[in-house]
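**Student:** Enclosed is the structure file run.txt (compact mmCIF, C-alpha atoms and all ligand atoms).
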# COMPACT_ATOMS: atom_id res chain seq x y z
CA MET A 19 105.21 80.28 94.33
CA LYS A 20 107.60 82.53 96.26
CA THR A 21 110.15 81.11 98.66
CA ILE A 22 110.60 82.73 102.07
CA LEU A 23 113.52 81.94 104.35
CA VAL A 24 112.46 82.20 107.99
CA THR A 25 115.35 82.41 110.47
CA GLY A 26 114.29 81.47 114.00
CA GLY A 27 111.25 79.79 112.42
CA MET A 28 111.07 77.12 115.12
CA GLY A 29 110.54 79.75 117.85
CA TYR A 30 107.33 81.18 119.27
CA ILE A 31 106.53 83.94 116.76
CA GLY A 32 108.44 82.25 113.94
CA SER A 33 106.43 79.00 114.08
CA HIS A 34 103.11 80.87 113.99
CA THR A 35 104.35 82.96 111.07
CA VAL A 36 105.45 79.84 109.18
CA VAL A 37 101.88 78.49 109.49
CA GLU A 38 100.39 81.74 108.13
CA LEU A 39 102.90 81.78 105.26
CA ILE A 40 102.07 78.19 104.31
CA ASN A 41 98.35 79.05 104.48
CA LYS A 42 99.08 81.82 101.96
CA LYS A 43 100.86 79.32 99.69
CA TYR A 44 104.40 80.47 100.28
CA ASN A 45 107.18 77.92 100.09
CA VAL A 46 108.92 78.18 103.48
CA ILE A 47 112.47 77.29 104.46
CA ILE A 48 113.34 77.38 108.17
CA VAL A 49 116.78 78.00 109.62
CA ASP A 50 117.16 77.61 113.39
CA ASN A 51 119.88 76.38 115.74
CA LEU A 52 117.27 75.20 118.30
CA SER A 53 118.97 77.25 121.03
CA ASN A 54 115.53 78.27 122.28
CA SER A 55 113.18 75.86 120.53
CA SER A 56 112.42 72.22 119.86
CA VAL A 57 112.61 70.11 116.71
CA GLU A 58 109.10 68.89 117.61
CA VAL A 59 107.78 72.22 116.27
CA LEU A 60 108.30 70.93 112.73
CA ASN A 61 105.93 67.98 113.33
CA ARG A 62 103.36 70.35 114.82
CA ILE A 63 103.57 72.66 111.80
CA GLU A 64 103.02 69.63 109.59
CA LYS A 65 99.99 68.57 111.65
CA ILE A 66 98.42 72.01 111.23
CA THR A 67 99.24 72.64 107.56
CA SER A 68 99.92 69.15 106.12
CA ILE A 69 103.24 70.52 104.90
CA LYS A 70 106.64 69.94 106.47
CA PRO A 71 108.86 72.87 105.55
CA LYS A 72 112.50 72.33 104.65
CA PHE A 73 114.51 72.78 107.84
CA TYR A 74 118.22 73.56 108.29
CA GLU A 75 119.52 73.19 111.83
CA LEU A 76 122.34 75.71 111.86
CA ASP A 77 123.60 78.87 113.49
CA CYS A 78 123.06 82.05 111.46
CA CYS A 79 126.38 83.35 112.82
CA ASN A 80 128.23 80.60 110.96
CA ILE A 81 128.60 81.95 107.43
CA ASN A 82 129.87 78.70 105.91
CA ASP A 83 126.91 76.69 107.17
CA PHE A 84 124.40 79.44 106.40
CA LYS A 85 125.73 79.93 102.86
CA LYS A 86 124.55 76.43 101.90
CA VAL A 87 120.95 77.56 102.30
CA PHE A 88 121.48 80.33 99.73
CA ILE A 89 123.35 78.02 97.36
CA GLU A 90 120.72 75.28 97.51
CA ASN A 91 117.60 77.48 97.25
CA LYS A 92 116.31 80.39 95.22
CA ILE A 93 115.08 82.72 97.96
CA ASP A 94 112.69 85.61 97.32
CA GLY A 95 112.57 87.09 100.79
CA VAL A 96 113.77 86.62 104.36
CA ILE A 97 112.03 87.07 107.70
CA HIS A 98 114.67 87.34 110.42
CA PHE A 99 113.40 86.21 113.84
CA ALA A 100 116.59 84.51 115.04
CA GLY A 101 118.06 86.15 118.12
CA TYR A 102 118.07 86.20 121.89
CA LYS A 103 115.24 88.09 123.60
CA ALA A 104 115.43 87.81 127.40
CA VAL A 105 115.88 91.33 128.74
CA GLY A 106 117.23 90.27 132.16
CA GLU A 107 119.73 87.80 130.70
CA GLY A 108 120.99 90.48 128.31
CA GLU A 109 121.90 92.67 131.28
CA LYS A 110 123.91 89.84 132.85
CA VAL A 111 125.71 88.59 129.73
CA PRO A 112 125.67 91.51 127.26
CA LEU A 113 128.42 90.08 125.07
CA LYS A 114 126.34 86.97 124.39
CA TYR A 115 123.52 89.23 123.20
CA TYR A 116 125.67 91.53 121.07
CA ASP A 117 127.45 88.53 119.59
CA ASN A 118 124.40 86.47 118.65
CA ASN A 119 121.98 89.23 117.67
CA LEU A 120 124.41 91.42 115.71
CA ILE A 121 126.60 88.74 114.10
CA SER A 122 123.63 86.64 112.97
CA PHE A 123 122.12 89.71 111.35
CA ILE A 124 125.33 90.89 109.66
CA THR A 125 125.98 87.37 108.36
CA LEU A 126 122.46 87.22 106.94
CA LEU A 127 122.77 90.60 105.24
CA LYS A 128 126.13 89.68 103.67
CA LEU A 129 124.58 86.52 102.23
CA MET A 130 121.50 88.38 101.00
CA GLU A 131 123.83 90.80 99.21
CA GLU A 132 125.97 88.04 97.72
CA TYR A 133 122.95 86.05 96.50
CA LYS A 134 120.92 89.12 95.49
CA VAL A 135 117.99 88.56 97.82
CA ASN A 136 116.39 91.98 98.14
CA ASN A 137 113.48 91.60 100.54
CA LEU A 138 113.90 91.54 104.32
CA VAL A 139 111.52 91.63 107.28
CA PHE A 140 113.14 92.26 110.67
CA SER A 141 111.65 91.55 114.12
CA SER A 142 112.26 94.67 116.14
CA SER A 143 110.53 95.54 119.38
CA ALA A 144 108.55 98.33 120.98
CA THR A 145 111.34 98.28 123.54
CA VAL A 146 113.20 100.76 121.25
CA TYR A 147 110.75 103.48 122.44
CA GLY A 148 111.66 103.02 126.14
CA GLN A 149 109.45 105.20 128.34
CA PRO A 150 107.31 107.30 125.96
CA ASP A 151 106.09 110.79 126.90
CA THR A 152 102.59 109.93 125.69
CA ASN A 153 100.49 107.02 124.40
CA PRO A 154 99.60 105.69 121.88
CA ILE A 155 103.12 105.26 120.55
CA LYS A 156 103.71 106.21 116.92
CA GLU A 157 106.57 105.03 114.71
CA ASP A 158 108.25 108.46 114.71
CA PHE A 159 108.50 108.67 118.52
CA PRO A 160 112.10 109.10 119.78
CA PHE A 161 114.27 106.09 120.58
CA ARG A 162 114.90 105.63 124.30
CA VAL A 163 116.58 102.29 124.68
CA VAL A 164 117.30 101.29 128.26
CA ASN A 165 118.80 97.80 128.04
CA THR A 166 121.25 95.65 126.07
CA TYR A 167 118.55 93.66 124.31
CA GLY A 168 116.90 96.87 123.13
CA ARG A 169 120.25 98.26 121.99
CA THR A 170 120.83 95.20 119.78
CA LYS A 171 117.42 95.86 118.16
CA LEU A 172 118.19 99.55 117.61
CA MET A 173 121.66 98.79 116.21
CA ILE A 174 120.18 96.37 113.70
CA GLU A 175 117.49 98.89 112.78
CA ASP A 176 120.28 101.44 112.15
CA MET A 177 122.14 98.96 109.95
CA ILE A 178 118.97 98.38 107.95
CA ARG A 179 118.42 102.12 107.53
CA ASP A 180 122.01 102.65 106.34
CA TYR A 181 121.93 99.63 104.06
CA THR A 182 118.65 100.53 102.35
CA LYS A 183 119.89 104.09 101.82
CA ALA A 184 122.97 102.78 100.02
CA ASN A 185 121.04 100.09 98.07
CA PRO A 186 117.92 101.54 96.47
CA ASN A 187 116.83 98.12 95.14
CA PHE A 188 116.71 96.67 98.64
CA ASN A 189 113.32 96.46 100.39
CA ALA A 190 113.13 96.13 104.15
CA ALA A 191 110.41 96.18 106.78
CA ILE A 192 111.22 96.96 110.39
CA LEU A 193 108.38 95.60 112.55
CA ARG A 194 108.14 96.76 116.16
CA TYR A 195 106.13 94.19 118.08
CA PHE A 196 104.26 95.10 121.23
CA ASN A 197 103.42 92.20 123.61
CA PRO A 198 102.67 89.00 121.67
CA ILE A 199 100.73 86.37 123.64
CA GLY A 200 98.29 83.56 122.80
CA ALA A 201 98.79 80.51 120.63
CA HIS A 202 97.47 78.82 117.50
CA SER A 203 93.82 77.78 118.01
CA SER A 204 94.76 74.12 117.37
CA GLY A 205 96.71 74.11 120.65
CA LEU A 206 99.59 72.45 118.77
CA ILE A 207 102.07 75.36 118.84
CA GLY A 208 102.56 78.05 121.46
CA GLU A 209 105.05 79.77 123.74
CA ASP A 210 107.39 77.38 125.54
CA PRO A 211 109.72 79.40 127.74
CA ASN A 212 112.76 77.86 129.39
CA GLY A 213 112.60 77.81 133.19
CA ILE A 214 110.43 80.22 135.15
CA PRO A 215 108.77 82.67 132.75
CA ASN A 216 109.65 86.36 133.00
CA ASN A 217 106.63 87.55 131.08
CA LEU A 218 103.08 87.88 132.30
CA ALA A 219 101.02 85.55 130.09
CA PRO A 220 103.24 82.45 130.31
CA TYR A 221 103.55 83.02 134.07
CA ILE A 222 99.76 83.11 134.50
CA SER A 223 99.38 80.00 132.31
CA GLN A 224 101.84 78.09 134.46
CA VAL A 225 100.05 79.10 137.66
CA ALA A 226 96.77 77.99 136.07
CA VAL A 227 98.18 74.59 135.11
CA GLY A 228 99.59 74.12 138.61
CA LYS A 229 103.31 74.41 137.83
CA LEU A 230 103.69 77.67 139.77
CA GLU A 231 101.97 78.64 143.00
CA LYS A 232 100.72 82.17 142.36
CA LEU A 233 101.23 85.18 140.18
CA GLY A 234 103.23 88.10 141.59
CA VAL A 235 101.62 91.33 140.38
CA PHE A 236 104.47 93.80 140.06
CA GLY A 237 102.94 96.94 141.58
CA ASN A 238 99.35 98.09 142.09
CA ASP A 239 100.16 101.75 142.67
CA TYR A 240 100.73 102.93 139.09
CA ASP A 241 98.65 105.81 137.77
CA THR A 242 96.41 103.47 135.76
CA LYS A 243 92.75 102.42 136.03
CA ASP A 244 93.44 99.66 138.58
CA GLY A 245 96.98 100.55 139.61
CA THR A 246 98.68 97.78 137.60
CA GLY A 247 100.83 98.15 134.47
CA VAL A 248 99.10 98.58 131.12
CA ARG A 249 100.40 96.95 127.91
CA ASP A 250 99.34 96.32 124.35
CA TYR A 251 98.91 92.54 124.13
CA ILE A 252 98.57 91.21 120.58
CA HIS A 253 97.50 87.69 119.59
CA VAL A 254 100.50 85.91 118.08
CA VAL A 255 98.37 84.79 115.11
CA ASP A 256 97.42 88.42 114.34
CA LEU A 257 101.09 89.33 114.64
CA ALA A 258 102.08 86.44 112.36
CA TYR A 259 99.56 87.54 109.76
CA GLY A 260 101.08 91.03 109.83
CA HIS A 261 104.23 89.45 108.34
CA VAL A 262 102.25 88.07 105.41
CA LEU A 263 100.80 91.53 104.73
CA VAL A 264 104.17 93.22 104.95
CA LEU A 265 105.69 90.77 102.45
CA ASP A 266 103.02 91.82 99.94
CA LYS A 267 104.15 95.40 100.51
CA LEU A 268 107.85 94.60 100.07
CA PHE A 269 107.15 92.80 96.80
CA THR A 270 105.85 96.10 95.38
CA ASN A 271 109.41 97.47 95.79
CA SER A 272 108.50 99.51 98.82
CA GLY A 273 112.04 100.41 99.89
CA LEU A 274 112.27 100.82 103.67
CA VAL A 275 109.07 100.68 105.75
CA THR A 276 108.60 100.66 109.53
CA TYR A 277 105.47 99.60 111.40
CA ASN A 278 104.22 99.08 114.93
CA LEU A 279 102.36 95.81 115.28
CA GLY A 280 99.98 96.12 118.20
CA THR A 281 96.24 96.39 118.76
CA GLY A 282 96.09 99.97 120.05
CA VAL A 283 94.28 98.67 123.16
CA GLY A 284 95.91 98.87 126.59
CA CYS A 285 95.17 96.07 129.08
CA SER A 286 96.17 96.05 132.73
CA VAL A 287 97.70 93.08 134.55
CA PHE A 288 94.30 92.46 136.17
CA ASP A 289 92.55 92.57 132.77
CA VAL A 290 94.86 89.82 131.59
CA LEU A 291 94.47 87.82 134.80
CA HIS A 292 90.67 88.03 134.62
CA ALA A 293 90.65 87.03 130.95
CA PHE A 294 92.64 83.90 131.88
CA GLU A 295 90.29 83.16 134.77
CA LYS A 296 87.34 83.35 132.40
CA ALA A 297 89.13 81.09 129.91
CA CYS A 298 90.07 78.50 132.55
CA GLY A 299 86.83 78.67 134.51
CA PHE A 300 88.52 79.08 137.92
CA THR A 301 90.26 81.77 139.94
CA ILE A 302 94.01 82.12 139.67
CA PRO A 303 95.89 83.03 142.86
CA TYR A 304 98.02 86.17 142.96
CA GLU A 305 99.78 88.48 145.37
CA ILE A 306 100.82 92.09 145.04
CA LYS A 307 104.58 92.52 144.88
CA PRO A 308 106.79 95.60 144.60
CA ARG A 309 107.20 97.25 141.20
CA ARG A 310 109.69 95.54 138.88
CA ALA A 311 112.76 97.69 138.17
CA GLY A 312 112.68 99.23 134.70
CA ASP A 313 108.91 98.79 134.16
CA VAL A 314 106.84 101.62 132.74
CA ALA A 315 103.24 102.28 133.75
CA ILE A 316 101.53 102.47 130.35
CA TYR A 317 102.62 101.38 126.95
CA TYR A 318 100.44 100.84 123.87
CA ALA A 319 100.74 101.23 120.12
CA SER A 320 99.20 103.43 117.57
CA PRO A 321 98.47 100.76 114.93
CA GLU A 322 97.21 103.41 112.46
CA LYS A 323 100.13 103.35 110.07
CA ALA A 324 100.04 99.55 109.64
CA TYR A 325 96.28 99.77 109.12
CA LYS A 326 96.48 102.53 106.50
CA GLU A 327 99.42 101.14 104.55
CA LEU A 328 99.00 97.37 104.98
CA GLY A 329 95.35 96.94 105.89
CA PHE A 330 96.57 95.39 109.16
CA LYS A 331 93.68 94.98 111.58
CA THR A 332 93.80 92.63 114.54
CA LYS A 333 91.01 90.06 114.87
CA TYR A 334 91.50 88.76 118.40
CA ASP A 335 90.86 90.37 121.79
CA ILE A 336 92.37 89.69 125.19
CA PHE A 337 89.88 86.89 125.92
CA ASP A 338 90.79 85.09 122.66
CA MET A 339 94.46 85.43 123.61
CA ALA A 340 93.84 83.96 127.09
CA LYS A 341 91.64 81.17 125.70
CA ASP A 342 94.24 80.11 123.14
CA SER A 343 97.15 80.40 125.61
CA TRP A 344 95.23 78.22 128.04
CA ASN A 345 94.30 75.68 125.35
CA TRP A 346 98.00 75.37 124.42
CA GLN A 347 99.14 75.19 128.06
CA LYS A 348 96.62 72.62 129.25
CA ASN A 349 97.30 70.34 126.27
CA ASN A 350 101.06 70.78 126.60
CA PRO A 351 101.80 71.31 130.32
CA ASN A 352 105.51 70.72 129.65
CA GLY A 353 105.60 72.60 126.36
CA TYR A 354 107.19 70.54 123.58
CA LYS A 355 108.82 68.17 126.07
CA LYS A 356 106.91 64.89 126.41
P1 LIG B 401 112.07 82.63 120.34
O1 LIG B 401 113.25 82.55 121.22
O2 LIG B 401 110.91 81.75 120.62
O3 LIG B 401 112.51 82.41 118.82
C1 LIG B 401 113.78 82.75 118.33
C2 LIG B 401 114.33 81.55 117.59
O4 LIG B 401 115.63 81.88 117.05
C3 LIG B 401 114.53 80.32 118.49
O5 LIG B 401 113.92 79.20 117.88
C4 LIG B 401 116.05 80.13 118.57
O6 LIG B 401 116.41 78.79 118.66
C5 LIG B 401 116.51 80.78 117.26
N1 LIG B 401 117.86 81.34 117.26
C6 LIG B 401 118.42 82.20 118.17
N2 LIG B 401 119.67 82.53 117.77
C7 LIG B 401 119.91 81.86 116.60
C8 LIG B 401 121.02 81.79 115.71
N3 LIG B 401 122.16 82.44 115.95
N4 LIG B 401 120.91 81.01 114.61
C9 LIG B 401 119.77 80.31 114.36
N5 LIG B 401 118.70 80.35 115.16
C10 LIG B 401 118.77 81.11 116.27
O7 LIG B 401 111.60 84.17 120.32
P2 LIG B 401 110.26 84.82 119.75
O8 LIG B 401 109.45 85.27 120.90
O9 LIG B 401 109.66 83.96 118.73
O10 LIG B 401 110.87 86.13 119.10
C11 LIG B 401 111.26 86.15 117.73
C12 LIG B 401 111.90 87.50 117.43
O11 LIG B 401 110.98 88.55 117.75
C13 LIG B 401 113.16 87.79 118.26
O12 LIG B 401 114.09 88.47 117.42
C14 LIG B 401 112.67 88.70 119.36
O13 LIG B 401 113.69 89.56 119.82
C15 LIG B 401 111.58 89.49 118.64
N6 LIG B 401 110.57 90.02 119.57
C16 LIG B 401 109.92 89.16 120.40
C17 LIG B 401 108.98 89.66 121.30
C18 LIG B 401 108.26 88.73 122.25
O14 LIG B 401 107.62 89.23 123.16
N7 LIG B 401 108.27 87.43 122.08
C19 LIG B 401 108.71 91.03 121.33
C20 LIG B 401 109.38 91.87 120.45
C21 LIG B 401 110.31 91.34 119.57
C1 LIG B 402 108.92 92.71 128.34
C2 LIG B 402 110.27 93.29 128.08
C3 LIG B 402 110.28 93.96 126.72
C4 LIG B 402 109.92 92.93 125.65
C5 LIG B 402 108.56 92.34 126.01
C6 LIG B 402 108.22 91.25 125.06
C7 LIG B 402 111.14 93.81 130.30
C8 LIG B 402 111.47 94.88 131.29
N1 LIG B 402 110.59 94.22 129.15
O1 LIG B 402 107.95 93.74 128.29
O2 LIG B 402 111.56 94.48 126.42
O3 LIG B 402 109.85 93.54 124.37
O4 LIG B 402 108.60 91.78 127.33
O5 LIG B 402 106.98 90.71 125.34
O6 LIG B 402 111.38 92.63 130.52
N2 LIG B 402 104.03 91.46 135.24
C9 LIG B 402 103.60 91.05 136.51
N3 LIG B 402 104.02 89.84 136.95
C10 LIG B 402 104.83 89.01 136.25
C11 LIG B 402 105.26 89.42 134.96
C12 LIG B 402 104.84 90.66 134.51
O7 LIG B 402 102.87 91.77 137.18
O8 LIG B 402 105.18 87.92 136.74
C13 LIG B 402 103.55 92.76 134.72
C14 LIG B 402 104.66 93.73 134.38
O9 LIG B 402 104.98 94.52 135.48
C15 LIG B 402 104.01 94.52 133.24
C16 LIG B 402 103.11 93.49 132.54
O10 LIG B 402 102.89 92.47 133.50
O11 LIG B 402 103.19 95.54 133.75
C17 LIG B 402 103.73 92.88 131.30
O12 LIG B 402 105.02 92.37 131.61
P1 LIG B 402 105.85 91.45 130.57
O13 LIG B 402 104.97 90.38 130.05
O14 LIG B 402 107.12 91.07 131.24
O15 LIG B 402 106.11 92.44 129.34
P2 LIG B 402 106.80 93.89 129.32
O16 LIG B 402 107.37 94.25 130.62
O17 LIG B 402 105.81 94.81 128.72
Could you express the structure from this file as structure tokens?

**Tutor:**
Amino acid sequence: MKTILVTGGMGYIGSHTVVELINKKYNVIIVDNLSNSSVEVLNRIEKITSIKPKFYELDCCNINDFKKVFIENKIDGVIHFAGYKAVGEGEKVPLKYYDNNLISFITLLKLMEEYKVNNLVFSSSATVYGQPDTNPIKEDFPFRVVNTYGRTKLMIEDMIRDYTKANPNFNAAILRYFNPIGAHSSGLIGEDPNGIPNNLAPYISQVAVGKLEKLGVFGNDYDTKDGTGVRDYIHVVDLAYGHVLVLDKLFTNSGLVTYNLGTGVGCSVFDVLHAFEKACGFTIPYEIKPRRAGDVAIYYASPEKAYKELGFKTKYDIFDMAKDSWNWQKNNPNGYKK
């Protein structure tokens, strides 16, 4: 049985990935400082899988605390989710983002080197592509980062590229996620944003559950089928399973690999809204608002490379995503808070 250390494993994507890893009989160790998650997640993981993973509540930036995990466990691979991810906040407090995202990563890599752990999966983002000239977006498209959050992702990607070049025994996967939404079908784990959500799916869910009045649709005058922005939404369980597949690849001594994880299907804001309405069984109020600064019109992945090299194929469509988001939201109107 291989042991996988999951940093940020109590968070949205991390918790779903932990469940998929346990389903595939991995031994999982979680490290998280709970800066954007709840300790309740551990109980929920246990309810779903009947296994409570070993959990260390610590900050990955603190090398002395983090070292204990490497001393006490024989680790075969690491999936690094820990980091801050709110684009708007990163613009306001860039130092907080550079500090947490870069230092946590550098600390992790130093410990992996010291304890000879040679397999790493890193959560990057499609945000590194910025505004693409064309869609679908392939992995070799140019980098066009436009915000601090994206720059932290690109800097870490660069570190991984340099490090793997200098260390031929090191295997690393850079995964560029498109727009993860949805929740585990049990309704026990899901996305639990702090405060008013910035992203579309959690905003719609909170309107549907009555916590927010109506959705603001940011622009209906884009050059798209219905005038609203088009994105590549991917079910978080499909995304989580992609991590399991990529670990199999790393364990063949793959060296450095980079994949988009998306569906290849573009959905508009109205497509998403209507999928939620179908899932809830009632209409969800909205109003058209001005475009949001920095938004692009259309953005979706070419998932071909992940399909060819990993066999990665998504199972869930936009309705499944809406249904599972709604199931999570209606059963947990206040997220993990009682
Ligand atoms: P999340 O905030 O739900 O999870 C991140 C977890 O990391 C949280 O539980 C938080 O408490 C923890 N954490 C943060 N800094 C830490 C530190 N220094 N030490 C220990 N734990 C720390 O976010 P998520 O949506 O699950 O995203 C996971 C990763 O995927 C992030 O790196 C994010 O940038 C990346 N990503 C997310 C999306 C998305 O839409 N959710 C898209 C692309 C990439
Ligand atoms: C955002 C981030 C991106 C990050 C991604 C993770 C920005 C500018 N970009 O992408 O870096 O990787 O989340 O999921 O924050 N929309 C509305 N009303 C809302 C919210 C969103 O109409 O209340 C629209 C947006 O204009 C966009 C679509 O919904 O067309 C998706 O928006 P969102 O969920 O915020 O994701 P992205 O902007 O794609």

**Student:** Excluding region 340-349 of chain A and any residue of its chain fewer than 4 positions from it, enumerate the residues within 10 Å of it, using only C-alpha atoms, and give them as a PyMOL selection string.

**Tutor:** chain A and resi 199-210+219-220+222-224+226-228+253-254+290-298+335-336+353

**Student:** Can you tell me, as lines of an AutoDock Vina configuration file, the centre and edge lengths (Å, one decimal) of the axis-aligned box enclosing all of ligand LIG 402 (chain B)'s listed atoms after padding each side by 8 Å?

**Tutor:**
center_x = 107.2
center_y = 91.7
center_z = 130.8
size_x = 24.7
size_y = 23.6
size_z = 28.8

**Student:** Can I get the residues close to ligand LIG 402 (chain B) as a ChimeraX atom specification, where close means within 7 Å and we count all atoms listed in the file?

**Tutor:** /A:105-106,143-145,168,196-198,216-219,221,233-237,246-249,287,309-310,312-313,315

**Student:** Kindly compile the residues surrounding ligand LIG 401 (chain B) within 9 Å, counting all atoms listed in the file, and format them as a ChimeraX atom specification.

**Tutor:** /A:25-34,49-56,75-80,98-104,117-119,121-123,140-145,167-168,171,193-199,209-211,217,254

**Student:** Hey, can you check how far CA of Leu279 (chain A) sits from CA of Ala319 (chain A)?

**Tutor:**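 Value for the CA of Leu279 (chain A)-CA of Ala319 (chain A) distance: 7.4 Å.
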
**Student:** Quick one: pull the distance between CA of Asp266 (chain A) and CA of Thr21 (chain A), Å, one decimal.

**Tutor:**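 For CA of Asp266 (chain A) relative to CA of Thr21 (chain A), the distance reads 12.9 Å.
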
**Student:** So, counting all atoms listed in the file, which residue among A:Val164, A:Ile302, A:Val262, A:Val283 is closest to Gly108 (chain A)?

**Tutor:**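 Distance minimum relative to Gly108 (chain A) lands on A:Val164.
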